[in-house]
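Take a look at the structure set out below.
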Amino acid sequence: MAENDYKIITENLVLQYSDGTESLKNITLNIPRHAISVLFGPAGGGKSTYLRVLNRLNDLASVNEMSGRAILFTKDGQPLNLLHPDIDITALRRRVGMVFARPVVLPMSIKENLTYGLQVAGERNRSRLNQAVERSLTQAALWDEVKDRLDDPAVDLSGGQQQRLCIARSLALEPEVLLLDEPTSGLDPISTGKVEASLQELKKDYTIILVPHSVQQAARTADYAAFFLQGELVEYAVGHEMFTKPKNQRTADYIEGRFG
Amino acid sequence: MSTRKSPQRRKRTQQIGFFMLRMVAIIAVLPIIAIMAYIVYQGASALSWEFITGYPSDGMRSGGIWPAIVGTFFLTMLCAIVVTPLGIGAAIYLSEYAPDNRWTQSIRIAIINLAGIPSVVYGLFGLGLFVIFLNFGISILAGALTLAIMTLPVIITTTEEALRAVPQSFRVVSTSVGATQWQTIRRIVLPQALPGILTGVILGLERAAGETAPILFTAAVFFLPRLPSSILDPTMALPYHLYVISTQVPGMEPQIQYGTALVLLIFVLGLNLLATVIRSRARARRQW
């Protein structure tokens with residue numbers, strides 16, 4: 001495959017935080033379009049750090065060293081150097097949406113949570129904003145539950161609904177990539193199921209990178225899977241191969257629960 | 001075991017403990033109740049429409065205190081106009097933008113020390129800088145600026161606390177949907193912190209309204225037969241008026257003194273009440 005058949009390519013990516021915590025050691029990993037790529041492994045392995053390179057949320061932290069290549073191919077096929085210091089970061093963050101482990105709804109109404117990202121980008125057109133609200137809520141499988149109370153405070157929603165609202169908030173910006181960092185870690189199994197089901201729908205239109213909260217979730221959702229261990233990428237394979245016949249002994253040990 | 005006590009004894013110890021704590025709490029509120037009761041008792045009879053809206057006469061021994069009320073109002077308002085943007089701006093810088101280095105640490109230490117300077121020293125400083133050097137003369141402007149400098153650390157500190165109380169996760173989320181740092185501050189952080197900021201501003205102004213020493217050399221005069229017509233005019237002011245009629249005027253009727261104190265107390269406690277209302281309403285609405 002040529003490079004730009006992928007959505008994101010990273011090559012020899014090295015990152016070291018100033019305080020010496022979690023780092024990335026020479027990560028070479030290509031993320032295919034319209035699929036769910038799962039990054040799994042024990043805590044502190046670099047999964048979240050890798051995600052945060054892709055939308056430059058690492059800029060909020062103090063980073064000692066960052067080198068290698070990280071390129072995102074936009075939907076018009078343009079390569080975007082993610083490590084470039086002068087990149088338009090707010091535009092990048094609209095391209096690459098992020099959902100966090102704990103659902104954090106902004107202290108405003110359901111609807112305002114969804115329009116916030118568009119409004120800070122300068123969108124004023126009311127009907128376009130309303131369309132984005134309905135579309136994103138439908139995509140996140142939340143529309144039917146909240147369509148009659150869009151002006152209620154978002155905190156009134158249940159935990160599972162809040163997390164789907166957070167997903168919808170990213171989708172409202174029509175991103176190209178959706179990063180999810182343990183999005184279901186605080187949710188009950190039913191809510192988790194709803195989120196996973198909507199991800200299966202979303203991958204038709206988006207490139208999804210998911211850090212799952214368990215190996216089981218990784219196995220359930222992965223089209224492609226990458227095993228991260230202490231900042232290294234140990235193994236990268238098609239999902240069902242990874243979880244049925246892993247090539248690396250450390251991957252096998254982790255999947256079978258011998259450490260972690 | 002010798003240290004183990006019976007349930008009855010433990011319960012008894014707890015009752016004694018709670019009783020003592022309750023007593024301590026009552027002792028803590030006694031002075032404020034006593035002060036208010038005493039001043040109301042002594043001063044309430046002086047309060048009348050004429051006392052509030054009239055001018056002093058007969059060498060302060062009768063008449064009203066209207067010029068002093070107006071003066072304190074103007075001083076407090078002008079102080080608010082100057083200090084609010086300065087204090088909030090500085091707090092936003094320190095809380096949201098400033099890197100944690102030696103330079104900002106020394107700014108912080110300076111602010112803390114500013115809060116510890118005795119108010120009479122501010123008065124003297126205001127006299128030197130505003131009245132004499134900048135040639136504002138004894139004026140509302142000089143007094144309000146002096147009060148503003150004195151209030152500044154209070155407002156910076158409380159605003160910073162209010163900003164820091166806004167969860168960091170809101171900032172991360174706002175950033176992650178493409179908002180700039182300034183958009184995040186203006187649209188998320190400031191609205192959430194606003195009640196706390198207002199409370200701090202009002203508490204700072206309350207202190208400014210009641211202070212005598214900073215306006216002693218910079219704004220206040222013994223007696224003015226008319227209201228000030230510009231901010232470059234000197235003015236009468238409630239705390240200074242109270243000081244004057246309590247120490248400088250022989251044969252003063254105590255009820256006029258206490259009446260003046262009562263008006264000052266109502267002014268200051270009114271501000272305090274406003275701050276409390278803002279805070280409790282915001283707390284009821286808060287979503288985090």
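Each chain in the structure tokens gets a letter, A, B, ..., in the order shown, and its residues are numbered from 1; ligands are numbered from 1 in order too.
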Would you mind listing, as an mmCIF file with C-alpha atoms, in the first residue's frame, all residues of chain B that have at least one atom within 10 Å of chain A, where only C-alpha atoms are what counts?
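Contents of part21.cif, freshly written:
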data_model
loop_
_atom_site.group_PDB
_atom_site.id
_atom_site.type_symbol
_atom_site.label_atom_id
_atom_site.label_comp_id
_atom_site.auth_asym_id
_atom_site.auth_seq_id
_atom_site.Cartn_x
_atom_site.Cartn_y
_atom_site.Cartn_z
ATOM 1 C CA PRO B 167 -12.421 22.029 36.713
ATOM 2 C CA SER B 169 -11.282 19.027 32.460
ATOM 3 C CA PHE B 170 -13.508 21.810 31.052
ATOM 4 C CA ARG B 171 -10.410 23.515 29.690
ATOM 5 C CA VAL B 172 -9.116 20.274 28.143
ATOM 6 C CA VAL B 173 -12.475 19.518 26.497
ATOM 7 C CA SER B 174 -12.851 23.035 25.187
ATOM 8 C CA THR B 175 -9.332 22.878 23.761
ATOM 9 C CA SER B 176 -10.013 19.489 22.208
ATOM 10 C CA VAL B 177 -12.937 20.803 20.154
ATOM 11 C CA GLY B 178 -10.735 23.501 18.679
ATOM 12 C CA ALA B 179 -11.281 26.470 20.973
ATOM 13 C CA THR B 180 -8.313 28.746 21.509
ATOM 14 C CA GLN B 183 -12.102 31.392 23.745
ATOM 15 C CA THR B 184 -11.915 28.798 26.491
ATOM 16 C CA ARG B 187 -16.758 31.188 27.066
ATOM 17 C CA ILE B 188 -16.183 28.537 29.740
ATOM 18 C CA PRO B 191 -18.773 32.497 33.177
ATOM 19 C CA GLN B 192 -18.266 29.633 35.619
ATOM 20 C CA ARG B 286 -23.723 25.226 39.540
ATOM 21 C CA GLN B 287 -23.442 22.070 37.473
ATOM 22 C CA TRP B 288 -20.214 20.619 38.827
#
Within 10 Å of Asp233 in chain B, counting only C-alpha atoms, which residues qualify if same-chain residues fewer than 2 places away don't, as a ChimeraX atom specification? /B:136-142,219-220,227-231,235
Go ahead and write the selection's residues with N, CA and C atoms as a PDB file, in the first residue's frame.
ATOM      1  N   PHE B 136      -3.146  65.498  42.020  1.00  0.00           N
ATOM      2  CA  PHE B 136      -4.611  65.377  42.029  1.00  0.00           C
ATOM      3  C   PHE B 136      -5.205  66.164  43.194  1.00  0.00           C
ATOM      4  N   GLY B 137      -4.364  66.553  44.159  1.00  0.00           N
ATOM      5  CA  GLY B 137      -4.865  67.223  45.348  1.00  0.00           C
ATOM      6  C   GLY B 137      -5.660  66.261  46.211  1.00  0.00           C
ATOM      7  N   ILE B 138      -6.147  66.788  47.342  1.00  0.00           N
ATOM      8  CA  ILE B 138      -7.050  65.992  48.181  1.00  0.00           C
ATOM      9  C   ILE B 138      -8.344  65.842  47.393  1.00  0.00           C
ATOM     10  N   SER B 139      -8.594  64.645  46.885  1.00  0.00           N
ATOM     11  CA  SER B 139      -9.723  64.505  45.955  1.00  0.00           C
ATOM     12  C   SER B 139     -10.285  63.088  45.985  1.00  0.00           C
ATOM     13  N   ILE B 140     -11.496  62.948  45.467  1.00  0.00           N
ATOM     14  CA  ILE B 140     -12.107  61.621  45.346  1.00  0.00           C
ATOM     15  C   ILE B 140     -11.198  60.716  44.514  1.00  0.00           C
ATOM     16  N   LEU B 141     -10.634  61.279  43.435  1.00  0.00           N
ATOM     17  CA  LEU B 141      -9.776  60.492  42.555  1.00  0.00           C
ATOM     18  C   LEU B 141      -8.591  59.915  43.321  1.00  0.00           C
ATOM     19  N   ALA B 142      -7.880  60.792  44.057  1.00  0.00           N
ATOM     20  CA  ALA B 142      -6.715  60.324  44.817  1.00  0.00           C
ATOM     21  C   ALA B 142      -7.125  59.276  45.844  1.00  0.00           C
ATOM     22  N   ALA B 219      -8.382  62.060  50.484  1.00  0.00           N
ATOM     23  CA  ALA B 219      -9.687  62.409  49.916  1.00  0.00           C
ATOM     24  C   ALA B 219     -10.604  63.134  50.893  1.00  0.00           C
ATOM     25  N   ALA B 220     -10.519  62.774  52.161  1.00  0.00           N
ATOM     26  CA  ALA B 220     -11.577  63.184  53.082  1.00  0.00           C
ATOM     27  C   ALA B 220     -11.292  64.545  53.698  1.00  0.00           C
ATOM     28  N   LEU B 227     -22.094  69.123  48.029  1.00  0.00           N
ATOM     29  CA  LEU B 227     -21.635  67.824  47.529  1.00  0.00           C
ATOM     30  C   LEU B 227     -20.479  68.059  46.562  1.00  0.00           C
ATOM     31  N   PRO B 228     -19.562  67.089  46.439  1.00  0.00           N
ATOM     32  CA  PRO B 228     -18.488  67.236  45.453  1.00  0.00           C
ATOM     33  C   PRO B 228     -19.073  67.280  44.048  1.00  0.00           C
ATOM     34  N   SER B 229     -18.495  68.122  43.187  1.00  0.00           N
ATOM     35  CA  SER B 229     -19.062  68.243  41.843  1.00  0.00           C
ATOM     36  C   SER B 229     -18.205  67.549  40.800  1.00  0.00           C
ATOM     37  N   SER B 230     -16.969  67.152  41.155  1.00  0.00           N
ATOM     38  CA  SER B 230     -16.171  66.364  40.218  1.00  0.00           C
ATOM     39  C   SER B 230     -15.270  65.437  41.019  1.00  0.00           C
ATOM     40  N   ILE B 231     -14.624  64.509  40.321  1.00  0.00           N
ATOM     41  CA  ILE B 231     -13.780  63.563  41.042  1.00  0.00           C
ATOM     42  C   ILE B 231     -12.496  64.231  41.528  1.00  0.00           C
ATOM     43  N   THR B 235     -13.956  65.314  49.500  1.00  0.00           N
ATOM     44  CA  THR B 235     -15.288  64.851  49.866  1.00  0.00           C
ATOM     45  C   THR B 235     -15.335  64.515  51.348  1.00  0.00           C
TER      46      THR B 235
END
Could you pull the residues within 12 Å of Ser18 in chain A, counting only C-alpha atoms, minus those fewer than 4 positions along the same chain, as an NGL selection string? :A and (22-23 or 58 or 61-66)
Can you build me a table of range 58-158 of chain A residues sitting at most 9 Å from range 198-208 of chain A, with the closest atom pair per residue and its distance in Å to one decimal, using only C-alpha atoms, sorted by chain and residue number, as a Markdown table?
| residue | atom | partner | partner_atom | distance |
| --- | --- | --- | --- | --- |
| A:Gln139 | CA | A:Ser198 | CA | 6.9 |
| A:Ala140 | CA | A:Ser198 | CA | 5.9 |
| A:Ala141 | CA | A:Ser198 | CA | 6.4 |
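Picture a line from CA of Arg149 in chain A to CA of Arg124 in chain A; it runs 21.8 Å.
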What does the distance from CA of Thr244 in chain A to CA of Glu232 in chain A come to in Å, to one decimal?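 If I compute the distance from CA of Thr244 in chain A to CA of Glu232 in chain A, I get 21.4 Å.
The residue set within 12 Å of range 275-281 of chain B, counting only C-alpha atoms and dropping same-chain residues fewer than 3 places from it, reads B:Ala162, B:Gln192, B:Ala193, B:Leu194, B:Pro195, B:Gly196, B:Ile197, B:Leu198, B:Thr199, B:Gly200, B:Val201, B:Ile202, B:Leu203, B:Gly204, B:Leu205, B:Glu206, B:Val268, B:Leu269, B:Gly270, B:Leu271, B:Asn272, B:Ala284, B:Arg285, B:Arg286.
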Those same residues, written as a CSV table (one decimal), in the first residue's frame with N, CA and C atoms?
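Output file selection.csv is given in full below:
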chain,number,residue,atom,x,y,z
B,162,ALA,N,-11.3,31.6,42.4
B,162,ALA,CA,-12.5,31.3,41.7
B,162,ALA,C,-12.2,30.7,40.3
B,192,GLN,N,-18.2,30.5,34.5
B,192,GLN,CA,-18.3,29.6,35.6
B,192,GLN,C,-17.7,30.3,36.9
B,193,ALA,N,-16.7,31.1,36.7
B,193,ALA,CA,-16.0,31.7,37.9
B,193,ALA,C,-16.6,33.0,38.3
B,194,LEU,N,-17.6,33.5,37.5
B,194,LEU,CA,-18.1,34.9,37.7
B,194,LEU,C,-18.7,35.1,39.1
B,195,PRO,N,-19.5,34.2,39.6
B,195,PRO,CA,-20.1,34.4,40.9
B,195,PRO,C,-19.0,34.5,42.0
B,196,GLY,N,-18.0,33.7,41.9
B,196,GLY,CA,-16.9,33.7,42.8
B,196,GLY,C,-16.1,35.0,42.7
B,197,ILE,N,-15.9,35.5,41.5
B,197,ILE,CA,-15.2,36.7,41.2
B,197,ILE,C,-16.0,37.9,41.8
B,198,LEU,N,-17.3,37.9,41.5
B,198,LEU,CA,-18.1,39.0,42.0
B,198,LEU,C,-18.1,39.1,43.6
B,199,THR,N,-18.2,37.9,44.2
B,199,THR,CA,-18.1,37.8,45.6
B,199,THR,C,-16.8,38.5,46.1
B,200,GLY,N,-15.7,38.1,45.5
B,200,GLY,CA,-14.4,38.7,45.9
B,200,GLY,C,-14.4,40.2,45.7
B,201,VAL,N,-14.9,40.7,44.6
B,201,VAL,CA,-14.9,42.1,44.3
B,201,VAL,C,-15.7,42.8,45.3
B,202,ILE,N,-16.9,42.3,45.7
B,202,ILE,CA,-17.7,43.0,46.6
B,202,ILE,C,-17.1,43.0,48.0
B,203,LEU,N,-16.5,41.9,48.4
B,203,LEU,CA,-15.8,41.8,49.7
B,203,LEU,C,-14.7,42.8,49.8
B,204,GLY,N,-14.0,42.9,48.7
B,204,GLY,CA,-12.9,43.9,48.6
B,204,GLY,C,-13.4,45.3,48.7
B,205,LEU,N,-14.5,45.6,48.0
B,205,LEU,CA,-15.0,47.0,48.1
B,205,LEU,C,-15.6,47.3,49.4
B,206,GLU,N,-16.2,46.3,50.1
B,206,GLU,CA,-16.7,46.4,51.4
B,206,GLU,C,-15.6,46.9,52.3
B,268,VAL,N,-22.1,48.6,54.6
B,268,VAL,CA,-21.1,47.6,54.5
B,268,VAL,C,-21.8,46.2,54.5
B,269,LEU,N,-22.7,46.0,55.5
B,269,LEU,CA,-23.4,44.7,55.6
B,269,LEU,C,-24.3,44.5,54.4
B,270,GLY,N,-24.8,45.6,53.8
B,270,GLY,CA,-25.6,45.5,52.6
B,270,GLY,C,-24.8,44.9,51.5
B,271,LEU,N,-23.6,45.4,51.3
B,271,LEU,CA,-22.7,44.8,50.3
B,271,LEU,C,-22.4,43.3,50.6
B,272,ASN,N,-22.2,43.0,51.9
B,272,ASN,CA,-21.9,41.7,52.3
B,272,ASN,C,-23.1,40.7,52.0
B,284,ALA,N,-26.4,27.1,43.9
B,284,ALA,CA,-27.6,26.3,43.6
B,284,ALA,C,-27.6,26.0,42.1
B,285,ARG,N,-27.1,26.9,41.3
B,285,ARG,CA,-27.2,26.6,39.8
B,285,ARG,C,-26.0,25.9,39.3
B,286,ARG,N,-25.0,25.8,40.1
B,286,ARG,CA,-23.7,25.2,39.5
B,286,ARG,C,-23.9,23.8,39.1
Between B:Thr212, B:Thr151, B:Gln255, B:Gln8, which has the minimum distance to Ile81 in chain B (counting only C-alpha atoms)? B:Thr151
Which of range 174-264 of chain B DSSP labels helix (DSSP H, G or I), written as number ranges by chain: B: 174-176, 181-210, 213-216, 238-247, 254-264
List as a ChimeraX atom specification the protein and nucleic acid residues near Glu11 in chain A, meaning an atom at most 8 Å away when only C-alpha atoms are counted, but skip any in the same chain fewer than 4 places from it. /A:26-29,68-70
Output the selection as a PDB file, in the first residue's frame - C-alpha atoms for each residue.
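Saved result, part.pdb, follows:
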ATOM      1  CA  ASN A  26      10.169   4.514  18.111  1.00  0.00           C
ATOM      2  CA  ILE A  27       6.548   3.884  17.227  1.00  0.00           C
ATOM      3  CA  THR A  28       5.968   3.012  13.592  1.00  0.00           C
ATOM      4  CA  LEU A  29       2.278   2.472  13.001  1.00  0.00           C
ATOM      5  CA  GLY A  68      10.065  11.060  14.017  1.00  0.00           C
ATOM      6  CA  ARG A  69       7.275  11.470  11.506  1.00  0.00           C
ATOM      7  CA  ALA A  70       3.534  11.747  11.971  1.00  0.00           C
TER       8      ALA A  70
END
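Between CA of Ala44 in chain B and CA of Gly71 in chain B there is a distance of 21.9 Å.
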Exercise: Thr104 in chain B partners within 12 Å, only C-alpha atoms, chain neighbours under 5 positions left out, as a list in words: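 My reading of the contact set: Ala90, Ala91, Tyr93, Leu94, Ser95, Glu96, Tyr97, Ala98, Pro99, Ile109, Ala110 and Ile111 of chain B.
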